[in-house]
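Structure file structure_7.txt (compact mmCIF, C-alpha atoms) follows.
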```txt
# COMPACT_ATOMS: atom_id res chain seq x y z
CA MET A 419 52.42 159.99 -92.16
CA PRO A 420 53.63 158.87 -88.67
CA LEU A 421 50.99 156.13 -88.65
CA ARG A 422 52.26 154.84 -91.98
CA LEU A 423 55.86 154.83 -90.64
CA ALA A 424 54.75 152.95 -87.52
CA LYS A 425 52.96 150.31 -89.61
CA ALA A 426 56.02 149.89 -91.82
CA SER A 427 58.25 149.51 -88.74
CA VAL A 428 55.96 146.88 -87.23
CA ALA A 429 55.81 145.01 -90.56
CA ALA A 430 59.61 145.08 -90.83
CA ALA A 431 59.98 143.77 -87.26
CA VAL A 432 57.50 140.93 -87.90
CA LEU A 433 59.30 140.05 -91.13
CA ALA A 434 62.68 140.03 -89.35
CA VAL A 435 61.38 137.73 -86.60
CA ALA A 436 59.79 135.41 -89.18
CA LEU A 437 63.00 135.20 -91.21
CA ALA A 438 65.07 134.56 -88.07
CA GLY A 439 63.03 131.43 -87.47
CA CYS A 440 63.97 130.20 -90.95
CA THR A 441 67.70 130.09 -90.32
CA SER A 442 69.61 127.00 -91.32
CA SER A 443 69.45 124.05 -88.95
CA THR A 444 73.25 123.83 -88.75
CA SER A 445 73.13 126.30 -85.89
CA LEU A 446 71.45 123.53 -83.86
CA ILE A 447 74.43 121.19 -84.33
CA SER A 448 77.69 121.54 -82.46
CA LYS A 449 80.87 119.74 -83.49
CA ARG A 450 83.18 118.51 -80.77
CA THR A 451 85.90 116.00 -80.04
CA GLN A 452 85.58 113.35 -77.36
CA GLY A 453 88.70 111.79 -75.88
CA TYR A 454 92.13 112.76 -77.13
CA GLU A 455 92.93 115.15 -79.92
CA ILE A 456 95.74 113.45 -81.80
CA PRO A 457 97.66 116.04 -83.84
CA ASP A 458 99.70 114.98 -86.90
CA SER A 459 102.80 116.52 -85.36
CA ALA A 460 102.51 114.14 -82.39
CA LEU A 461 102.09 111.15 -84.71
CA GLN A 462 105.29 112.04 -86.52
CA GLN A 463 107.20 112.08 -83.22
CA ILE A 464 106.28 108.49 -82.28
CA ARG A 465 108.86 106.20 -83.90
CA PRO A 466 110.24 102.73 -83.11
CA GLY A 467 112.89 102.69 -80.41
CA GLN A 468 111.49 105.57 -78.35
CA SER A 469 110.72 105.15 -74.65
CA GLN A 470 107.35 105.04 -72.93
CA GLN A 471 108.31 108.25 -71.11
CA LEU A 472 108.72 110.12 -74.38
CA VAL A 473 105.36 108.82 -75.64
CA THR A 474 103.75 110.01 -72.39
CA LEU A 475 105.40 113.39 -72.84
CA VAL A 476 104.14 113.73 -76.42
CA LEU A 477 100.64 112.20 -76.13
CA GLY A 478 99.91 112.11 -72.41
CA SER A 479 98.53 109.17 -70.46
CA PRO A 480 96.81 106.53 -72.59
CA GLN A 481 93.08 106.03 -72.41
CA SER A 482 93.51 102.28 -72.25
CA THR A 483 96.39 99.80 -71.93
CA ASN A 484 96.74 96.09 -72.63
CA THR A 485 99.49 93.61 -71.89
CA PHE A 486 100.16 90.67 -74.20
CA GLY A 487 102.85 88.49 -72.65
CA ASP A 488 105.91 90.71 -72.40
CA ARG A 489 104.53 93.37 -74.76
CA THR A 490 102.30 96.30 -73.91
CA ALA A 491 99.91 98.36 -76.03
CA TRP A 492 98.68 101.86 -75.27
CA TYR A 493 95.51 103.17 -76.91
CA TYR A 494 94.56 106.79 -77.57
CA VAL A 495 91.00 107.27 -78.88
CA GLU A 496 89.78 110.39 -80.67
CA THR A 497 86.08 110.60 -81.58
CA LYS A 498 84.66 113.51 -83.55
CA VAL A 499 80.91 113.88 -83.06
CA ASN A 500 78.09 116.16 -84.09
CA GLN A 501 75.65 116.80 -81.28
CA THR A 502 72.26 118.39 -81.77
CA SER A 503 70.76 120.76 -79.25
CA PHE A 504 68.26 117.99 -78.53
CA GLY A 505 70.98 115.62 -77.24
CA LEU A 506 71.31 113.34 -80.30
CA THR A 507 74.99 112.44 -80.81
CA MET A 508 76.23 111.23 -84.21
CA VAL A 509 79.76 109.85 -84.56
CA GLN A 510 81.42 111.36 -87.62
CA GLU A 511 84.95 110.03 -87.26
CA ARG A 512 86.86 107.82 -84.84
CA THR A 513 90.61 107.36 -84.75
CA VAL A 514 92.40 104.91 -82.47
CA LEU A 515 96.15 105.26 -82.13
CA ALA A 516 97.76 102.07 -80.82
CA VAL A 517 101.37 102.28 -79.66
CA TYR A 518 103.06 98.93 -79.06
CA PHE A 519 105.99 98.48 -76.65
CA ASP A 520 108.42 95.61 -76.07
CA ARG A 521 109.56 94.29 -72.69
CA ASN A 522 112.20 97.06 -72.50
CA LYS A 523 109.43 99.69 -72.71
CA LYS A 524 110.55 100.86 -76.14
CA VAL A 525 108.21 101.54 -79.07
CA VAL A 526 108.05 98.58 -81.46
CA ASP A 527 105.25 99.79 -83.73
CA ARG A 528 102.28 102.09 -83.94
CA ALA A 529 99.01 101.64 -85.79
CA ILE A 530 96.09 103.91 -86.62
CA TYR A 531 92.61 102.44 -86.80
CA THR A 532 89.45 104.17 -88.04
CA LEU A 533 85.73 103.39 -88.08
CA ASP A 534 86.25 101.37 -91.27
CA ASP A 535 88.51 98.96 -89.36
CA GLY A 536 85.90 98.24 -86.69
CA LYS A 537 83.13 95.69 -86.65
CA VAL A 538 79.56 96.19 -85.47
CA ILE A 539 78.55 93.67 -82.82
CA ASN A 540 74.90 93.01 -82.12
CA ILE A 541 74.14 92.83 -78.45
CA GLU A 542 71.99 89.89 -77.45
CA THR A 543 68.66 91.06 -76.07
CA ARG A 544 67.09 87.72 -75.20
CA ARG A 545 66.59 86.96 -71.51
CA THR A 546 67.44 83.71 -69.88
CA PRO A 547 64.18 82.25 -68.58
CA SER A 548 64.04 81.91 -64.83
CA PHE A 549 61.70 79.60 -63.00
CA GLY A 550 59.39 81.30 -60.61
CA GLU A 551 57.82 84.70 -60.62
CA ASP A 552 59.46 87.97 -61.60
CA ALA A 553 58.85 90.31 -58.69
CA THR A 554 59.34 94.04 -58.75
CA PHE A 555 61.14 95.83 -55.95
CA ILE A 556 57.86 96.88 -54.34
CA ASP A 557 56.45 93.31 -54.64
CA ALA A 558 59.52 91.99 -52.84
CA ILE A 559 59.10 94.52 -50.01
CA LEU A 560 55.36 93.84 -49.64
CA SER A 561 55.86 90.06 -49.65
CA SER A 562 58.27 90.36 -46.71
CA PHE A 563 55.45 91.54 -44.43
```
Write-out of the structure in structure tokens:
Amino acid sequence: MPLRLAKASVAAAVLAVALAGCTSSTSLISKRTQGYEIPDSALQQIRPGQSQQLVTLVLGSPQSTNTFGDRTAWYYVETKVNQTSFGLTMVQERTVLAVYFDRNKKVVDRAIYTLDDGKVINIETRRTPSFGEDATFIDAILSSF
């Protein structure tokens, strides 16, 4: 009887280990936010006529700023990604909050942009031909002797 109990225990342990390997693959994916987390309550507080200081108090320092003549724009970028345990990162959602200021440093307008508002730009991969020989770092060192 003890031998039969031992065999059943070993079989149960092997079955448990085998089933643990069949868990869902969602445990390999972690969800996280890159950049700012822009809460709805903060968005409601940003209204025309408010000062840059109040915007800084509510949202913090902007990730990026631009100046257009006498107007300024502050950008807060929130990117929600899924990252696998193998390092693959997939962008799920991106929100860009743009706050526009006039020359008196008062809020004129705010806009929210998402991935749908963006455009994909293809990066040019062609190389400009150069005359002569392409030398590696080691070739350049050896040719100096």
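Checking A:Tyr454, A:Thr543, A:Val538, A:Gln501 one by one against Leu515 of chain A, counting all atoms listed in the file, you find the shortest gap at A:Tyr454.
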Polymer residues at most 7 Å from (94.6, 102.8, -70.6) by only C-alpha atoms, as a CSV table (one decimal) with C-alpha atoms, keeping the file's coordinate frame:
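Once written, selection.csv looks like this:
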```
chain,number,residue,atom,x,y,z
A,480,PRO,CA,96.8,106.5,-72.6
A,481,GLN,CA,93.1,106.0,-72.4
A,482,SER,CA,93.5,102.3,-72.2
A,483,THR,CA,96.4,99.8,-71.9
A,492,TRP,CA,98.7,101.9,-75.3
A,493,TYR,CA,95.5,103.2,-76.9
```
(request) Fewer than 6 positions away in the same chain doesn't count, so skip those; otherwise give me all residues within 10 Å of Ser448 of chain A, counting only C-alpha atoms, as a VMD selection string. (result) chain A and resid 499 to 503 507
(message) With only C-alpha atoms as the counted atoms, please give the residues lying no more than 9 Å from Val476 of chain A, apart from itself and same-chain residues fewer than 5 positions off, as a ChimeraX atom specification.
(response) /A:460-461,463-464,471
(request) Work out how far atom CA of Lys498 of chain A is from atom CA of Gly453 of chain A, in Å to one decimal. (result) 8.8 Å
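The space between atom CA of Gln452 of chain A and atom CA of Val495 of chain A spans 8.3 Å.
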Taking all atoms of segment 465-483 of chain A that the file lists and extending 4 Å past them on each side, where is the centre of the axis-aligned box and how long are its edges? Answer in Å to one decimal, as JSON.
```
{"center_x": 103.0, "center_y": 106.8, "center_z": -77.2, "size_x": 27.8, "size_y": 21.9, "size_z": 21.4}
```
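Using only C-alpha atoms for every distance, the candidate list A:Asp534, A:Asp557, A:Glu496, A:Asp488 yields A:Asp488 as the residue closest to Asn522 of chain A.
Nearest residue to Gln462 of chain A, choosing from A:Arg528, A:Gln510, A:Thr554, A:Gly478 and counting all atoms listed in the file: A:Arg528.
The spacing separating atom CA of Ala529 of chain A from atom CA of Gly487 of chain A amounts to 19.0 Å.
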